[in-house]
Amino acid sequence: MVLQLDAVDRKLLMALQLDSRRSVQILGDLVGLSASACHRRLKLLEDEGMVEGYRAVLNAGRLGYTMQFFIEVGLTSQSEAALDAFEAAVQDIPEVLECHLMAGQSDYILRVVCRGHEDFEQLHRRLSAKLPGVARIHSNMSIRTVKARTGLPL
């Protein structure tokens, strides 16, 4: 069910997406609410599942993750058991940042990060050996991120 948002809710959510470290007082000032009213509104949005959490966005390159790949995976079977087994196994690979079940040519697309070519080779071997039911893997290396948005258009 989609919750109906008013203009204040939209402003509040947009402000949170830009910087979730702001105090409730500052957020309230930005959207035209007192701190207590802003806190209540924010709590309601959290309770309704509109805000799933708060996190820091880390700089991958500064932390040594200089390579990013999008890996297309085809499975030998698309049975529910095969999909469940693959999805459970992919949870245990920390380099896999995202895993998307796809409609189309590939069953899954993974977004992974690596520290270098050797790390990618080891990861590729682990993906082939550890993930159940893999029939094919096709890797695409990202040369440069042109646009990366963590927020939603409100």
# chains A, B, ... in the order shown; residues from 1 in each chain; ligands from 1
$ residues_around --residues "Val113 (chain A)" --least-positions-apart "4" --cutoff "10 Å" --atoms "only C-alpha atoms" --output "NGL selection string"
:A and (60-61 or 64-70 or 94-97 or 119-120 or 123 or 141-142)
$ write_last_selection --atoms "N, CA and C atoms" --output "mmCIF file, in the first residue's frame"
data_model
loop_
_atom_site.group_PDB
_atom_site.id
_atom_site.type_symbol
_atom_site.label_atom_id
_atom_site.label_comp_id
_atom_site.auth_asym_id
_atom_site.auth_seq_id
_atom_site.Cartn_x
_atom_site.Cartn_y
_atom_site.Cartn_z
ATOM 1 N N ALA A 60 34.111 4.383 -1.800
ATOM 2 C CA ALA A 60 34.704 3.087 -2.157
ATOM 3 C C ALA A 60 36.153 3.240 -2.599
ATOM 4 N N GLY A 61 36.433 4.217 -3.428
ATOM 5 C CA GLY A 61 37.789 4.406 -3.928
ATOM 6 C C GLY A 61 38.776 4.713 -2.827
ATOM 7 N N GLY A 64 39.886 1.712 -1.059
ATOM 8 C CA GLY A 64 40.621 0.727 -1.839
ATOM 9 C C GLY A 64 39.795 -0.073 -2.827
ATOM 10 N N TYR A 65 38.496 0.126 -2.860
ATOM 11 C CA TYR A 65 37.649 -0.596 -3.815
ATOM 12 C C TYR A 65 37.586 0.213 -5.108
ATOM 13 N N THR A 66 38.584 -0.004 -5.960
ATOM 14 C CA THR A 66 38.750 0.814 -7.156
ATOM 15 C C THR A 66 38.050 0.248 -8.383
ATOM 16 N N MET A 67 37.518 -0.954 -8.269
ATOM 17 C CA MET A 67 36.853 -1.584 -9.415
ATOM 18 C C MET A 67 35.423 -1.963 -9.033
ATOM 19 N N GLN A 68 34.524 -1.729 -9.982
ATOM 20 C CA GLN A 68 33.120 -2.090 -9.793
ATOM 21 C C GLN A 68 32.670 -2.851 -11.037
ATOM 22 N N PHE A 69 31.948 -3.928 -10.804
ATOM 23 C CA PHE A 69 31.457 -4.755 -11.898
ATOM 24 C C PHE A 69 29.959 -4.979 -11.753
ATOM 25 N N PHE A 70 29.309 -5.153 -12.890
ATOM 26 C CA PHE A 70 27.924 -5.600 -12.943
ATOM 27 C C PHE A 70 27.975 -6.981 -13.589
ATOM 28 N N PRO A 94 30.537 -10.734 0.742
ATOM 29 C CA PRO A 94 30.516 -9.317 1.103
ATOM 30 C C PRO A 94 30.771 -8.360 -0.055
ATOM 31 N N GLU A 95 31.478 -8.799 -1.076
ATOM 32 C CA GLU A 95 31.748 -7.923 -2.224
ATOM 33 C C GLU A 95 30.502 -7.668 -3.067
ATOM 34 N N VAL A 96 29.492 -8.507 -2.917
ATOM 35 C CA VAL A 96 28.234 -8.308 -3.639
ATOM 36 C C VAL A 96 27.431 -7.251 -2.887
ATOM 37 N N LEU A 97 27.346 -6.064 -3.477
ATOM 38 C CA LEU A 97 26.631 -4.957 -2.844
ATOM 39 C C LEU A 97 25.143 -4.997 -3.147
ATOM 40 N N ASP A 119 41.781 -9.504 -7.015
ATOM 41 C CA ASP A 119 40.579 -9.688 -6.192
ATOM 42 C C ASP A 119 39.393 -10.076 -7.058
ATOM 43 N N PHE A 120 39.293 -9.455 -8.236
ATOM 44 C CA PHE A 120 38.171 -9.804 -9.113
ATOM 45 C C PHE A 120 38.293 -11.243 -9.593
ATOM 46 N N LEU A 123 37.179 -13.394 -6.774
ATOM 47 C CA LEU A 123 35.729 -13.276 -6.615
ATOM 48 C C LEU A 123 35.009 -14.055 -7.711
ATOM 49 N N MET A 141 32.641 -4.444 -16.577
ATOM 50 C CA MET A 141 33.364 -3.558 -15.672
ATOM 51 C C MET A 141 32.879 -2.127 -15.872
ATOM 52 N N SER A 142 32.596 -1.470 -14.770
ATOM 53 C CA SER A 142 32.226 -0.060 -14.798
ATOM 54 C C SER A 142 33.511 0.760 -14.905
#
$ residues_around --residues "region 16-32 of chain A" --least-positions-apart "5" --cutoff "7 Å" --atoms "only C-alpha atoms" --output "VMD selection string"
chain A and resid 8 11 38 to 39 54 151
$ write_last_selection --atoms "N, CA and C atoms" --output "tab-separated table (two decimals), in the first residue's frame"
chain	number	residue	atom	x	y	z
A	8	VAL	N	4.67	18.65	3.24
A	8	VAL	CA	5.61	18.66	4.36
A	8	VAL	C	6.35	17.32	4.44
A	11	LYS	N	8.97	17.25	1.70
A	11	LYS	CA	10.11	18.10	2.05
A	11	LYS	C	10.98	17.43	3.11
A	38	CYS	N	8.03	17.90	14.12
A	38	CYS	CA	8.88	17.24	13.14
A	38	CYS	C	9.23	15.83	13.62
A	39	HIS	N	9.53	15.69	14.91
A	39	HIS	CA	9.85	14.38	15.47
A	39	HIS	C	8.67	13.43	15.33
A	54	TYR	N	19.00	4.50	8.46
A	54	TYR	CA	19.94	5.59	8.27
A	54	TYR	C	21.33	4.97	8.16
A	151	GLY	N	18.91	8.47	-3.18
A	151	GLY	CA	17.55	8.89	-2.80
A	151	GLY	C	16.55	8.63	-3.91
$ closest_residue --among "A:Pro132, A:Gly53, A:Leu33, A:Lys147" --to "Asp9 (chain A)" --atoms "only C-alpha atoms"
A:Leu33
$ select_by_dssp --residues "region 38-136 of chain A" --states "strand (DSSP E)" --output "list of chain:residue names"
A:Met67, A:Gln68, A:Phe69, A:Phe70, A:Ile71, A:Glu72, A:Val73, A:Gly74, A:Leu75, A:Val96, A:Leu97, A:Glu98, A:Cys99, A:His100, A:Leu101, A:Tyr108, A:Ile109, A:Leu110, A:Arg111, A:Val112, A:Val113, A:Cys114, A:Val134, A:Ala135, A:Arg136
$ write_last_selection --atoms "N, CA and C atoms" --output "PDB file, in the first residue's frame"
ATOM      1  N   MET A  67      37.518  -0.954  -8.269  1.00  0.00           N
ATOM      2  CA  MET A  67      36.853  -1.584  -9.415  1.00  0.00           C
ATOM      3  C   MET A  67      35.423  -1.963  -9.033  1.00  0.00           C
ATOM      4  N   GLN A  68      34.524  -1.729  -9.982  1.00  0.00           N
ATOM      5  CA  GLN A  68      33.120  -2.090  -9.793  1.00  0.00           C
ATOM      6  C   GLN A  68      32.670  -2.851 -11.037  1.00  0.00           C
ATOM      7  N   PHE A  69      31.948  -3.928 -10.804  1.00  0.00           N
ATOM      8  CA  PHE A  69      31.457  -4.755 -11.898  1.00  0.00           C
ATOM      9  C   PHE A  69      29.959  -4.979 -11.753  1.00  0.00           C
ATOM     10  N   PHE A  70      29.309  -5.153 -12.890  1.00  0.00           N
ATOM     11  CA  PHE A  70      27.924  -5.600 -12.943  1.00  0.00           C
ATOM     12  C   PHE A  70      27.975  -6.981 -13.589  1.00  0.00           C
ATOM     13  N   ILE A  71      27.566  -7.975 -12.843  1.00  0.00           N
ATOM     14  CA  ILE A  71      27.717  -9.360 -13.282  1.00  0.00           C
ATOM     15  C   ILE A  71      26.339  -9.960 -13.543  1.00  0.00           C
ATOM     16  N   GLU A  72      26.157 -10.420 -14.768  1.00  0.00           N
ATOM     17  CA  GLU A  72      24.918 -11.096 -15.146  1.00  0.00           C
ATOM     18  C   GLU A  72      25.082 -12.584 -14.874  1.00  0.00           C
ATOM     19  N   VAL A  73      24.110 -13.164 -14.210  1.00  0.00           N
ATOM     20  CA  VAL A  73      24.167 -14.578 -13.848  1.00  0.00           C
ATOM     21  C   VAL A  73      22.966 -15.291 -14.440  1.00  0.00           C
ATOM     22  N   GLY A  74      23.228 -16.398 -15.114  1.00  0.00           N
ATOM     23  CA  GLY A  74      22.177 -17.292 -15.607  1.00  0.00           C
ATOM     24  C   GLY A  74      22.239 -18.587 -14.824  1.00  0.00           C
ATOM     25  N   LEU A  75      21.098 -19.055 -14.383  1.00  0.00           N
ATOM     26  CA  LEU A  75      21.040 -20.297 -13.608  1.00  0.00           C
ATOM     27  C   LEU A  75      20.661 -21.479 -14.492  1.00  0.00           C
ATOM     28  N   VAL A  96      29.492  -8.507  -2.917  1.00  0.00           N
ATOM     29  CA  VAL A  96      28.234  -8.308  -3.639  1.00  0.00           C
ATOM     30  C   VAL A  96      27.431  -7.251  -2.887  1.00  0.00           C
ATOM     31  N   LEU A  97      27.346  -6.064  -3.477  1.00  0.00           N
ATOM     32  CA  LEU A  97      26.631  -4.957  -2.844  1.00  0.00           C
ATOM     33  C   LEU A  97      25.143  -4.997  -3.147  1.00  0.00           C
ATOM     34  N   GLU A  98      24.803  -5.466  -4.333  1.00  0.00           N
ATOM     35  CA  GLU A  98      23.397  -5.552  -4.735  1.00  0.00           C
ATOM     36  C   GLU A  98      23.198  -6.823  -5.537  1.00  0.00           C
ATOM     37  N   CYS A  99      22.010  -7.390  -5.420  1.00  0.00           N
ATOM     38  CA  CYS A  99      21.618  -8.551  -6.209  1.00  0.00           C
ATOM     39  C   CYS A  99      20.172  -8.336  -6.627  1.00  0.00           C
ATOM     40  N   HIS A 100      19.937  -8.361  -7.924  1.00  0.00           N
ATOM     41  CA  HIS A 100      18.598  -8.104  -8.461  1.00  0.00           C
ATOM     42  C   HIS A 100      18.115  -9.309  -9.272  1.00  0.00           C
ATOM     43  N   LEU A 101      16.939  -9.821  -8.946  1.00  0.00           N
ATOM     44  CA  LEU A 101      16.276 -10.829  -9.760  1.00  0.00           C
ATOM     45  C   LEU A 101      15.736 -10.115 -10.986  1.00  0.00           C
ATOM     46  N   TYR A 108      19.858 -12.984 -12.784  1.00  0.00           N
ATOM     47  CA  TYR A 108      20.252 -12.027 -11.757  1.00  0.00           C
ATOM     48  C   TYR A 108      21.298 -11.071 -12.315  1.00  0.00           C
ATOM     49  N   ILE A 109      21.331  -9.894 -11.745  1.00  0.00           N
ATOM     50  CA  ILE A 109      22.440  -8.971 -11.959  1.00  0.00           C
ATOM     51  C   ILE A 109      22.977  -8.608 -10.587  1.00  0.00           C
ATOM     52  N   LEU A 110      24.298  -8.744 -10.448  1.00  0.00           N
ATOM     53  CA  LEU A 110      24.983  -8.422  -9.208  1.00  0.00           C
ATOM     54  C   LEU A 110      25.830  -7.171  -9.420  1.00  0.00           C
ATOM     55  N   ARG A 111      25.865  -6.318  -8.424  1.00  0.00           N
ATOM     56  CA  ARG A 111      26.816  -5.198  -8.418  1.00  0.00           C
ATOM     57  C   ARG A 111      27.854  -5.536  -7.374  1.00  0.00           C
ATOM     58  N   VAL A 112      29.113  -5.626  -7.807  1.00  0.00           N
ATOM     59  CA  VAL A 112      30.187  -6.017  -6.906  1.00  0.00           C
ATOM     60  C   VAL A 112      31.320  -4.999  -6.952  1.00  0.00           C
ATOM     61  N   VAL A 113      32.085  -4.940  -5.866  1.00  0.00           N
ATOM     62  CA  VAL A 113      33.279  -4.101  -5.817  1.00  0.00           C
ATOM     63  C   VAL A 113      34.483  -4.977  -5.518  1.00  0.00           C
ATOM     64  N   CYS A 114      35.638  -4.553  -6.059  1.00  0.00           N
ATOM     65  CA  CYS A 114      36.893  -5.271  -5.847  1.00  0.00           C
ATOM     66  C   CYS A 114      38.022  -4.263  -5.678  1.00  0.00           C
ATOM     67  N   VAL A 134      24.722 -22.120 -10.992  1.00  0.00           N
ATOM     68  CA  VAL A 134      25.172 -21.125 -11.967  1.00  0.00           C
ATOM     69  C   VAL A 134      25.520 -21.817 -13.281  1.00  0.00           C
ATOM     70  N   ALA A 135      24.859 -21.384 -14.357  1.00  0.00           N
ATOM     71  CA  ALA A 135      25.140 -21.914 -15.685  1.00  0.00           C
ATOM     72  C   ALA A 135      26.107 -21.015 -16.438  1.00  0.00           C
ATOM     73  N   ARG A 136      25.968 -19.680 -16.234  1.00  0.00           N
ATOM     74  CA  ARG A 136      26.859 -18.753 -16.935  1.00  0.00           C
ATOM     75  C   ARG A 136      26.997 -17.466 -16.134  1.00  0.00           C
TER      76      ARG A 136
END
$ select_by_dssp --residues "chain A" --states "helix (DSSP H, G or I)" --output "PyMOL selection string"
chain A and resi 7-18+24-31+35-47+80-90+117-130
$ write_last_selection --atoms "C-alpha atoms" --output "mmCIF file, in the first residue's frame"
data_model
loop_
_atom_site.group_PDB
_atom_site.id
_atom_site.type_symbol
_atom_site.label_atom_id
_atom_site.label_comp_id
_atom_site.auth_asym_id
_atom_site.auth_seq_id
_atom_site.Cartn_x
_atom_site.Cartn_y
_atom_site.Cartn_z
ATOM 1 C CA ALA A 7 4.054 18.590 0.873
ATOM 2 C CA VAL A 8 5.615 18.658 4.360
ATOM 3 C CA ASP A 9 6.257 14.898 4.286
ATOM 4 C CA ARG A 10 7.910 15.225 0.873
ATOM 5 C CA LYS A 11 10.112 18.099 2.047
ATOM 6 C CA LEU A 12 11.065 16.179 5.173
ATOM 7 C CA LEU A 13 11.960 13.022 3.233
ATOM 8 C CA MET A 14 13.960 15.015 0.672
ATOM 9 C CA ALA A 15 15.880 16.764 3.470
ATOM 10 C CA LEU A 16 16.620 13.395 5.101
ATOM 11 C CA GLN A 17 17.897 11.967 1.824
ATOM 12 C CA LEU A 18 20.303 14.871 1.432
ATOM 13 C CA VAL A 24 15.192 17.233 14.352
ATOM 14 C CA GLN A 25 15.313 20.966 15.141
ATOM 15 C CA ILE A 26 17.113 21.762 11.882
ATOM 16 C CA LEU A 27 14.862 19.431 9.888
ATOM 17 C CA GLY A 28 11.819 21.111 11.446
ATOM 18 C CA ASP A 29 13.165 24.556 10.512
ATOM 19 C CA LEU A 30 13.692 23.380 6.934
ATOM 20 C CA VAL A 31 10.130 22.097 6.547
ATOM 21 C CA ALA A 35 11.079 20.173 16.611
ATOM 22 C CA SER A 36 8.407 18.144 18.429
ATOM 23 C CA ALA A 37 6.020 18.192 15.455
ATOM 24 C CA CYS A 38 8.882 17.237 13.141
ATOM 25 C CA HIS A 39 9.846 14.381 15.470
ATOM 26 C CA ARG A 40 6.258 13.063 15.495
ATOM 27 C CA ARG A 41 6.014 13.308 11.687
ATOM 28 C CA LEU A 42 9.351 11.545 11.264
ATOM 29 C CA LYS A 43 8.338 8.791 13.688
ATOM 30 C CA LEU A 44 5.106 8.239 11.717
ATOM 31 C CA LEU A 45 7.048 8.003 8.446
ATOM 32 C CA GLU A 46 9.404 5.479 10.060
ATOM 33 C CA ASP A 47 6.506 3.464 11.529
ATOM 34 C CA GLU A 80 11.734 -21.723 -6.681
ATOM 35 C CA ALA A 81 14.228 -23.945 -4.869
ATOM 36 C CA ALA A 82 17.043 -22.933 -7.242
ATOM 37 C CA LEU A 83 16.243 -19.232 -6.876
ATOM 38 C CA ASP A 84 16.032 -19.530 -3.083
ATOM 39 C CA ALA A 85 19.355 -21.396 -2.908
ATOM 40 C CA PHE A 86 21.106 -18.800 -5.079
ATOM 41 C CA GLU A 87 19.676 -15.868 -3.114
ATOM 42 C CA ALA A 88 20.692 -17.429 0.213
ATOM 43 C CA ALA A 89 24.244 -18.107 -0.998
ATOM 44 C CA VAL A 90 24.790 -14.625 -2.435
ATOM 45 C CA HIS A 117 42.250 -7.442 -10.855
ATOM 46 C CA GLU A 118 43.496 -10.214 -8.570
ATOM 47 C CA ASP A 119 40.579 -9.688 -6.192
ATOM 48 C CA PHE A 120 38.171 -9.804 -9.113
ATOM 49 C CA GLU A 121 39.679 -13.058 -10.351
ATOM 50 C CA GLN A 122 39.274 -14.622 -6.901
ATOM 51 C CA LEU A 123 35.729 -13.276 -6.615
ATOM 52 C CA HIS A 124 34.850 -14.636 -10.055
ATOM 53 C CA ARG A 125 36.114 -18.075 -9.035
ATOM 54 C CA ARG A 126 34.115 -17.911 -5.778
ATOM 55 C CA LEU A 127 30.978 -16.896 -7.633
ATOM 56 C CA SER A 128 31.352 -19.791 -10.049
ATOM 57 C CA ALA A 129 32.184 -22.330 -7.340
ATOM 58 C CA LYS A 130 30.128 -21.160 -4.354
#
$ atom_distance --atom1 "CA of Asp107 (chain A)" --atom2 "CA of Glu52 (chain A)"
26.5 Å
$ decode --residues "region 77-110 of chain A" --atoms "N, CA and C atoms" --output "mmCIF file, in the first residue's frame"
data_model
loop_
_atom_site.group_PDB
_atom_site.id
_atom_site.type_symbol
_atom_site.label_atom_id
_atom_site.label_comp_id
_atom_site.auth_asym_id
_atom_site.auth_seq_id
_atom_site.Cartn_x
_atom_site.Cartn_y
_atom_site.Cartn_z
ATOM 1 N N SER A 77 18.490 -23.633 -13.589
ATOM 2 C CA SER A 77 17.059 -23.844 -13.360
ATOM 3 C C SER A 77 16.470 -22.583 -12.745
ATOM 4 N N GLN A 78 15.225 -22.306 -13.079
ATOM 5 C CA GLN A 78 14.528 -21.173 -12.477
ATOM 6 C C GLN A 78 13.447 -21.642 -11.507
ATOM 7 N N SER A 79 13.631 -22.831 -10.959
ATOM 8 C CA SER A 79 12.674 -23.333 -9.971
ATOM 9 C C SER A 79 12.772 -22.484 -8.712
ATOM 10 N N GLU A 80 11.736 -22.503 -7.924
ATOM 11 C CA GLU A 80 11.734 -21.723 -6.681
ATOM 12 C C GLU A 80 12.880 -22.153 -5.763
ATOM 13 N N ALA A 81 13.137 -23.440 -5.711
ATOM 14 C CA ALA A 81 14.228 -23.945 -4.869
ATOM 15 C C ALA A 81 15.579 -23.443 -5.368
ATOM 16 N N ALA A 82 15.774 -23.409 -6.672
ATOM 17 C CA ALA A 82 17.043 -22.933 -7.242
ATOM 18 C C ALA A 82 17.229 -21.444 -6.970
ATOM 19 N N LEU A 83 16.168 -20.670 -7.136
ATOM 20 C CA LEU A 83 16.243 -19.232 -6.876
ATOM 21 C C LEU A 83 16.522 -18.971 -5.395
ATOM 22 N N ASP A 84 15.825 -19.694 -4.528
ATOM 23 C CA ASP A 84 16.032 -19.530 -3.083
ATOM 24 C C ASP A 84 17.455 -19.887 -2.686
ATOM 25 N N ALA A 85 17.994 -20.966 -3.237
ATOM 26 C CA ALA A 85 19.355 -21.396 -2.908
ATOM 27 C C ALA A 85 20.375 -20.356 -3.366
ATOM 28 N N PHE A 86 20.194 -19.825 -4.572
ATOM 29 C CA PHE A 86 21.106 -18.800 -5.079
ATOM 30 C C PHE A 86 21.043 -17.551 -4.205
ATOM 31 N N GLU A 87 19.840 -17.096 -3.901
ATOM 32 C CA GLU A 87 19.676 -15.868 -3.114
ATOM 33 C C GLU A 87 20.243 -16.021 -1.704
ATOM 34 N N ALA A 88 20.123 -17.196 -1.116
ATOM 35 C CA ALA A 88 20.692 -17.429 0.213
ATOM 36 C C ALA A 88 22.218 -17.410 0.146
ATOM 37 N N ALA A 89 22.789 -18.026 -0.879
ATOM 38 C CA ALA A 89 24.244 -18.107 -0.998
ATOM 39 C C ALA A 89 24.873 -16.751 -1.286
ATOM 40 N N VAL A 90 24.220 -15.924 -2.063
ATOM 41 C CA VAL A 90 24.790 -14.625 -2.435
ATOM 42 C C VAL A 90 24.867 -13.686 -1.221
ATOM 43 N N GLN A 91 24.057 -13.949 -0.203
ATOM 44 C CA GLN A 91 24.081 -13.133 1.014
ATOM 45 C C GLN A 91 25.432 -13.215 1.730
ATOM 46 N N ASP A 92 26.156 -14.306 1.540
ATOM 47 C CA ASP A 92 27.403 -14.545 2.260
ATOM 48 C C ASP A 92 28.641 -14.006 1.538
ATOM 49 N N ILE A 93 28.462 -13.276 0.458
ATOM 50 C CA ILE A 93 29.601 -12.747 -0.298
ATOM 51 C C ILE A 93 29.630 -11.239 -0.104
ATOM 52 N N PRO A 94 30.537 -10.734 0.742
ATOM 53 C CA PRO A 94 30.516 -9.317 1.103
ATOM 54 C C PRO A 94 30.771 -8.360 -0.055
ATOM 55 N N GLU A 95 31.478 -8.799 -1.076
ATOM 56 C CA GLU A 95 31.748 -7.923 -2.224
ATOM 57 C C GLU A 95 30.502 -7.668 -3.067
ATOM 58 N N VAL A 96 29.492 -8.507 -2.917
ATOM 59 C CA VAL A 96 28.234 -8.308 -3.639
ATOM 60 C C VAL A 96 27.431 -7.251 -2.887
ATOM 61 N N LEU A 97 27.346 -6.064 -3.477
ATOM 62 C CA LEU A 97 26.631 -4.957 -2.844
ATOM 63 C C LEU A 97 25.143 -4.997 -3.147
ATOM 64 N N GLU A 98 24.803 -5.466 -4.333
ATOM 65 C CA GLU A 98 23.397 -5.552 -4.735
ATOM 66 C C GLU A 98 23.198 -6.823 -5.537
ATOM 67 N N CYS A 99 22.010 -7.390 -5.420
ATOM 68 C CA CYS A 99 21.618 -8.551 -6.209
ATOM 69 C C CYS A 99 20.172 -8.336 -6.627
ATOM 70 N N HIS A 100 19.937 -8.361 -7.924
ATOM 71 C CA HIS A 100 18.598 -8.104 -8.461
ATOM 72 C C HIS A 100 18.115 -9.309 -9.272
ATOM 73 N N LEU A 101 16.939 -9.821 -8.946
ATOM 74 C CA LEU A 101 16.276 -10.829 -9.760
ATOM 75 C C LEU A 101 15.736 -10.115 -10.986
ATOM 76 N N MET A 102 16.028 -10.653 -12.162
ATOM 77 C CA MET A 102 15.721 -9.943 -13.396
ATOM 78 C C MET A 102 14.664 -10.668 -14.233
ATOM 79 N N ALA A 103 14.006 -9.884 -15.048
ATOM 80 C CA ALA A 103 13.196 -10.415 -16.144
ATOM 81 C C ALA A 103 14.009 -10.125 -17.397
ATOM 82 N N GLY A 104 14.152 -11.094 -18.254
ATOM 83 C CA GLY A 104 14.948 -10.864 -19.456
ATOM 84 C C GLY A 104 15.986 -11.945 -19.636
ATOM 85 N N GLN A 105 17.113 -11.573 -20.244
ATOM 86 C CA GLN A 105 18.140 -12.527 -20.633
ATOM 87 C C GLN A 105 18.842 -13.179 -19.438
ATOM 88 N N SER A 106 19.102 -12.427 -18.388
ATOM 89 C CA SER A 106 19.793 -12.956 -17.215
ATOM 90 C C SER A 106 18.801 -13.179 -16.077
ATOM 91 N N ASP A 107 19.134 -14.133 -15.215
ATOM 92 C CA ASP A 107 18.286 -14.373 -14.048
ATOM 93 C C ASP A 107 18.570 -13.349 -12.949
ATOM 94 N N TYR A 108 19.858 -12.984 -12.784
ATOM 95 C CA TYR A 108 20.252 -12.027 -11.757
ATOM 96 C C TYR A 108 21.298 -11.071 -12.315
ATOM 97 N N ILE A 109 21.331 -9.894 -11.745
ATOM 98 C CA ILE A 109 22.440 -8.971 -11.959
ATOM 99 C C ILE A 109 22.977 -8.608 -10.587
ATOM 100 N N LEU A 110 24.298 -8.744 -10.448
ATOM 101 C CA LEU A 110 24.983 -8.422 -9.208
ATOM 102 C C LEU A 110 25.830 -7.171 -9.420
#
